[in-house]
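Undergrad: One structure follows; several queries about it will come next.
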Amino acid sequence: MLLQLLGQDPALFFLILVILSLSLVLHELGHAVAALWMGDRTAQEQGRITLNPFKHLDPIGTIMLLVAGLGWARPVPIHPPNFRSYRLGLFLVSIAGIVVNMLLALGFALLVRFLLDLDPAGVRAAFAGGQRDFFGLLALAAYFSFAINLALAVFNLLPVPPLDGSKIVQSFLPSALQRYFWQLEANPTYAVVVLVLFLTVLRGPIGRFIGSAQEIFLNLILNLGR
């Protein structure tokens with residue numbers, strides 16, 4: 001759990017906390033900006049087009065993140081009928097946060113590679129838990145930024161309401177099935193069941209899937225052109 005890291009390595013704990021918070025904020029900001037671009041001003045009117053973390057982070061979701069390793073931010077409010085094109089708008093707004101996290105993951109992975117080429121000994125020492133010089137610490141921060149953003153992107157792609165992946169699927173479904181998804185999301189019992197499943201039965205498989213995606217993606221970047 002992230003909270004356990006506080007006693008083991010406080011500096012690393014706060015570094016990861018800042019990276020994670022910023023990544024969640026940028027994810028939600030991506031949704032808000034995409035919604036405004038598609039004609040829905042709901043998020044803008046509720047002050048969600050901002051980098052202010054207090055506008056995006058959910059208190060309970062943040063606590064769950066620290067304690068259980070699985071949390072959430074406040075969903076960006078949208079009103080799909082306001083979109084200039086309903087299906088296109090639902091698709092673009094739903095995928096916007098994922099795209100933001102993917103671009104951040106790519107950028108930080110490239111930074112890890114650059115720093116590894118620049119200072120291979122220092123970076124390897126930092127990753128091995130040894131002495132951290134400036135470039136080693138920077139590479140470590142870049143790696144965690146990469147890992148967190150890719151994890152957010154992959155997790156949100158799961159086609160399970162209320163995750164973004166379910167709304168991406170909805171954008172291709174008939175209207176009757178879309179209504180079913182919206183009703184499911186609004187059901188508090190369903191939300192509790194999904195949270196319990198994510199924290200128990202599905203936690204291991206999802207964690208392994210995300211870990212594999214991180215390893216494949218980072219190896220691809222590190223070995224690109226070599």
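Naming scheme: A, B, ... for chains in displayed order of the structure tokens; residues 1 onward per chain; ligands 1 onward as shown.
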Excluding A:Pro77 and any residue of its chain fewer than 5 positions from it, enumerate the residues within 12 Å of it, using only C-alpha atoms, and give them as JSON, numbers by chain.
TA: {"A": [28, 29, 31, 32, 33, 34, 35, 36, 40, 41, 42, 43, 44, 45, 46, 47, 48, 49, 55, 56, 93, 94]}
Undergrad: Write the selection just made, keeping N, CA and C atoms, as a PDB file, in the first residue's frame?
TA:
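Writing done, so here's selection.pdb:
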```pdb
ATOM      1  N   GLU A  28      -8.677  14.307 -15.304  1.00  0.00           N
ATOM      2  CA  GLU A  28     -10.009  14.905 -15.230  1.00  0.00           C
ATOM      3  C   GLU A  28     -10.080  16.202 -16.033  1.00  0.00           C
ATOM      4  N   LEU A  29      -8.994  16.962 -16.024  1.00  0.00           N
ATOM      5  CA  LEU A  29      -8.956  18.193 -16.817  1.00  0.00           C
ATOM      6  C   LEU A  29      -9.112  17.878 -18.306  1.00  0.00           C
ATOM      7  N   HIS A  31     -10.875  15.456 -19.602  1.00  0.00           N
ATOM      8  CA  HIS A  31     -12.307  15.252 -19.835  1.00  0.00           C
ATOM      9  C   HIS A  31     -13.034  16.589 -19.935  1.00  0.00           C
ATOM     10  N   ALA A  32     -12.722  17.504 -18.992  1.00  0.00           N
ATOM     11  CA  ALA A  32     -13.427  18.787 -18.937  1.00  0.00           C
ATOM     12  C   ALA A  32     -13.181  19.620 -20.195  1.00  0.00           C
ATOM     13  N   VAL A  33     -11.932  19.676 -20.639  1.00  0.00           N
ATOM     14  CA  VAL A  33     -11.596  20.456 -21.833  1.00  0.00           C
ATOM     15  C   VAL A  33     -12.249  19.846 -23.075  1.00  0.00           C
ATOM     16  N   ALA A  34     -12.232  18.516 -23.179  1.00  0.00           N
ATOM     17  CA  ALA A  34     -12.853  17.849 -24.325  1.00  0.00           C
ATOM     18  C   ALA A  34     -14.354  18.100 -24.356  1.00  0.00           C
ATOM     19  N   ALA A  35     -14.996  18.090 -23.181  1.00  0.00           N
ATOM     20  CA  ALA A  35     -16.440  18.340 -23.121  1.00  0.00           C
ATOM     21  C   ALA A  35     -16.762  19.756 -23.594  1.00  0.00           C
ATOM     22  N   LEU A  36     -15.952  20.727 -23.150  1.00  0.00           N
ATOM     23  CA  LEU A  36     -16.169  22.106 -23.585  1.00  0.00           C
ATOM     24  C   LEU A  36     -15.961  22.237 -25.085  1.00  0.00           C
ATOM     25  N   ASP A  40     -20.312  21.172 -24.562  1.00  0.00           N
ATOM     26  CA  ASP A  40     -20.939  21.050 -23.241  1.00  0.00           C
ATOM     27  C   ASP A  40     -20.168  21.906 -22.231  1.00  0.00           C
ATOM     28  N   ARG A  41     -20.829  22.906 -21.659  1.00  0.00           N
ATOM     29  CA  ARG A  41     -20.179  23.836 -20.745  1.00  0.00           C
ATOM     30  C   ARG A  41     -20.391  23.460 -19.272  1.00  0.00           C
ATOM     31  N   THR A  42     -20.951  22.274 -19.014  1.00  0.00           N
ATOM     32  CA  THR A  42     -21.268  21.871 -17.642  1.00  0.00           C
ATOM     33  C   THR A  42     -20.038  21.876 -16.750  1.00  0.00           C
ATOM     34  N   ALA A  43     -18.961  21.253 -17.199  1.00  0.00           N
ATOM     35  CA  ALA A  43     -17.732  21.184 -16.400  1.00  0.00           C
ATOM     36  C   ALA A  43     -17.146  22.574 -16.187  1.00  0.00           C
ATOM     37  N   GLN A  44     -17.183  23.409 -17.222  1.00  0.00           N
ATOM     38  CA  GLN A  44     -16.657  24.773 -17.097  1.00  0.00           C
ATOM     39  C   GLN A  44     -17.452  25.559 -16.065  1.00  0.00           C
ATOM     40  N   GLU A  45     -18.767  25.428 -16.097  1.00  0.00           N
ATOM     41  CA  GLU A  45     -19.624  26.170 -15.168  1.00  0.00           C
ATOM     42  C   GLU A  45     -19.425  25.718 -13.724  1.00  0.00           C
ATOM     43  N   GLN A  46     -18.954  24.491 -13.539  1.00  0.00           N
ATOM     44  CA  GLN A  46     -18.708  23.983 -12.189  1.00  0.00           C
ATOM     45  C   GLN A  46     -17.234  24.115 -11.791  1.00  0.00           C
ATOM     46  N   GLY A  47     -16.486  24.896 -12.548  1.00  0.00           N
ATOM     47  CA  GLY A  47     -15.109  25.214 -12.188  1.00  0.00           C
ATOM     48  C   GLY A  47     -14.125  24.075 -12.342  1.00  0.00           C
ATOM     49  N   ARG A  48     -14.393  23.139 -13.266  1.00  0.00           N
ATOM     50  CA  ARG A  48     -13.527  21.982 -13.413  1.00  0.00           C
ATOM     51  C   ARG A  48     -12.433  22.168 -14.456  1.00  0.00           C
ATOM     52  N   ILE A  49     -12.445  23.273 -15.184  1.00  0.00           N
ATOM     53  CA  ILE A  49     -11.346  23.527 -16.124  1.00  0.00           C
ATOM     54  C   ILE A  49     -10.284  24.317 -15.373  1.00  0.00           C
ATOM     55  N   LYS A  55     -10.372  20.947  -6.745  1.00  0.00           N
ATOM     56  CA  LYS A  55     -11.556  20.889  -7.597  1.00  0.00           C
ATOM     57  C   LYS A  55     -11.756  19.497  -8.202  1.00  0.00           C
ATOM     58  N   HIS A  56     -10.696  18.699  -8.226  1.00  0.00           N
ATOM     59  CA  HIS A  56     -10.753  17.400  -8.902  1.00  0.00           C
ATOM     60  C   HIS A  56     -10.642  16.196  -7.967  1.00  0.00           C
ATOM     61  N   VAL A  93     -14.791  12.681 -25.306  1.00  0.00           N
ATOM     62  CA  VAL A  93     -14.704  13.102 -23.908  1.00  0.00           C
ATOM     63  C   VAL A  93     -14.263  11.924 -23.027  1.00  0.00           C
ATOM     64  N   SER A  94     -14.765  10.740 -23.331  1.00  0.00           N
ATOM     65  CA  SER A  94     -14.426   9.563 -22.532  1.00  0.00           C
ATOM     66  C   SER A  94     -12.966   9.158 -22.696  1.00  0.00           C
TER      67      SER A  94
END
```
Undergrad: Residues at most 12 Å from stretch 163-177 of chain A, counting only C-alpha atoms, excluding those fewer than 5 positions away in the same chain, as number ranges by chain?
TA: A: 27-28, 31, 72-73, 75-76, 78, 80, 85-99, 152-158, 182-185, 191, 194-195, 198
Undergrad: Report the residues of stretch 43-97 of chain A whose backbone DSSP state falls under alpha helix (DSSP H), written as a PyMOL selection string.
TA: chain A and resi 43-45+53-56+59-68+86-97
Undergrad: Select, from A:Val196, A:Leu103, A:Ala139, A:Ile19, the residue with the minimum atom-to-atom distance to A:Asp117, counting only C-alpha atoms.
TA: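 Selected residue with least distance to A:Asp117: A:Ala139.
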Undergrad: Quote the spacing between atom CA of A:Gly69 and atom CA of A:Glu215 in Å to one decimal place.
TA: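 Taking atom CA of A:Gly69 and atom CA of A:Glu215, their separation equals 19.4 Å.
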Undergrad: Hey, can you check how far atom CA of A:Leu15 sits from atom CA of A:Leu65?
TA: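 So the two atoms, atom CA of A:Leu15 and atom CA of A:Leu65, lie 14.7 Å apart.
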Undergrad: Expressed in Å to a single decimal, how great is the separation between atom CA of A:Gln8 and atom CA of A:Ala141?
TA: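 According to the coordinates, atom CA of A:Gln8 and atom CA of A:Ala141 are separated by 16.9 Å.
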Undergrad: Within 7 Å of A:Leu140, counting only C-alpha atoms, which residues show up once you throw out same-chain ones fewer than 3 positions away? Write them as an NGL selection string, please.
TA: :A and (126-127 or 136-137 or 143-144)
Undergrad: Please, could you write that set of residues out with C-alpha atoms as a PDB file, in the first residue's frame?
TA:
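out_9.pdb, freshly written:
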```
ATOM      1  CA  ALA A 126      19.078   4.829  -8.015  1.00  0.00           C
ATOM      2  CA  PHE A 127      16.868   2.056  -9.421  1.00  0.00           C
ATOM      3  CA  GLY A 136      19.253   9.160 -10.679  1.00  0.00           C
ATOM      4  CA  LEU A 137      16.577  10.871  -8.582  1.00  0.00           C
ATOM      5  CA  TYR A 143       9.824   6.264 -13.956  1.00  0.00           C
ATOM      6  CA  PHE A 144       7.120   6.560 -11.292  1.00  0.00           C
TER       7      PHE A 144
END
```
Undergrad: Pick out the residues sitting within 10 Å of A:Phe54, and hand them over as a PyMOL selection string; count only C-alpha atoms, and ignore anything fewer than 4 positions along from it in its own chain.
TA: chain A and resi 25+48+50+58-59+73-74
Undergrad: Could you save the residues just selected, with N, CA and C atoms, as a PDB file, in the first residue's frame?
TA:
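To be explicit, this is the file written out as again-v1.pdb:
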```
ATOM      1  N   VAL A  25      -5.433  14.828 -11.657  1.00  0.00           N
ATOM      2  CA  VAL A  25      -5.953  16.154 -12.003  1.00  0.00           C
ATOM      3  C   VAL A  25      -5.924  16.363 -13.514  1.00  0.00           C
ATOM      4  N   ARG A  48     -14.393  23.139 -13.266  1.00  0.00           N
ATOM      5  CA  ARG A  48     -13.527  21.982 -13.413  1.00  0.00           C
ATOM      6  C   ARG A  48     -12.433  22.168 -14.456  1.00  0.00           C
ATOM      7  N   THR A  50      -9.557  23.608 -14.544  1.00  0.00           N
ATOM      8  CA  THR A  50      -8.550  24.204 -13.672  1.00  0.00           C
ATOM      9  C   THR A  50      -7.538  23.143 -13.248  1.00  0.00           C
ATOM     10  N   ASP A  58     -11.152  13.657  -4.933  1.00  0.00           N
ATOM     11  CA  ASP A  58     -12.243  13.258  -4.050  1.00  0.00           C
ATOM     12  C   ASP A  58     -11.647  12.826  -2.709  1.00  0.00           C
ATOM     13  N   PRO A  59     -12.113  13.373  -1.571  1.00  0.00           N
ATOM     14  CA  PRO A  59     -11.517  13.029  -0.273  1.00  0.00           C
ATOM     15  C   PRO A  59     -11.513  11.537   0.031  1.00  0.00           C
ATOM     16  N   ALA A  73     -10.770  10.077  -8.507  1.00  0.00           N
ATOM     17  CA  ALA A  73     -10.982  11.525  -8.428  1.00  0.00           C
ATOM     18  C   ALA A  73     -12.476  11.782  -8.635  1.00  0.00           C
ATOM     19  N   ARG A  74     -12.875  13.047  -8.494  1.00  0.00           N
ATOM     20  CA  ARG A  74     -14.279  13.400  -8.731  1.00  0.00           C
ATOM     21  C   ARG A  74     -14.549  13.358 -10.229  1.00  0.00           C
TER      22      ARG A  74
END
```
Undergrad: List the spatial neighbours of A:Gly71 as a CSV table (one decimal) with C-alpha atoms, in the first residue's frame - criterion: any atom at most 6 Å away, only C-alpha atoms, same-chain residues fewer than 2 positions off excluded.
TA:
```
chain,number,residue,atom,x,y,z
A,61,GLY,CA,-11.1,8.4,-3.1
A,62,THR,CA,-7.8,9.9,-2.0
A,64,MET,CA,-8.8,4.8,-0.4
A,65,LEU,CA,-5.8,5.3,-2.6
```
Undergrad: Using only C-alpha atoms, which of the listed residues (A:Arg203, A:Leu70, A:Arg124, A:Pro161) sits closest to A:Tyr180?
TA: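 So, comparing all the options, the nearest one is A:Pro161.
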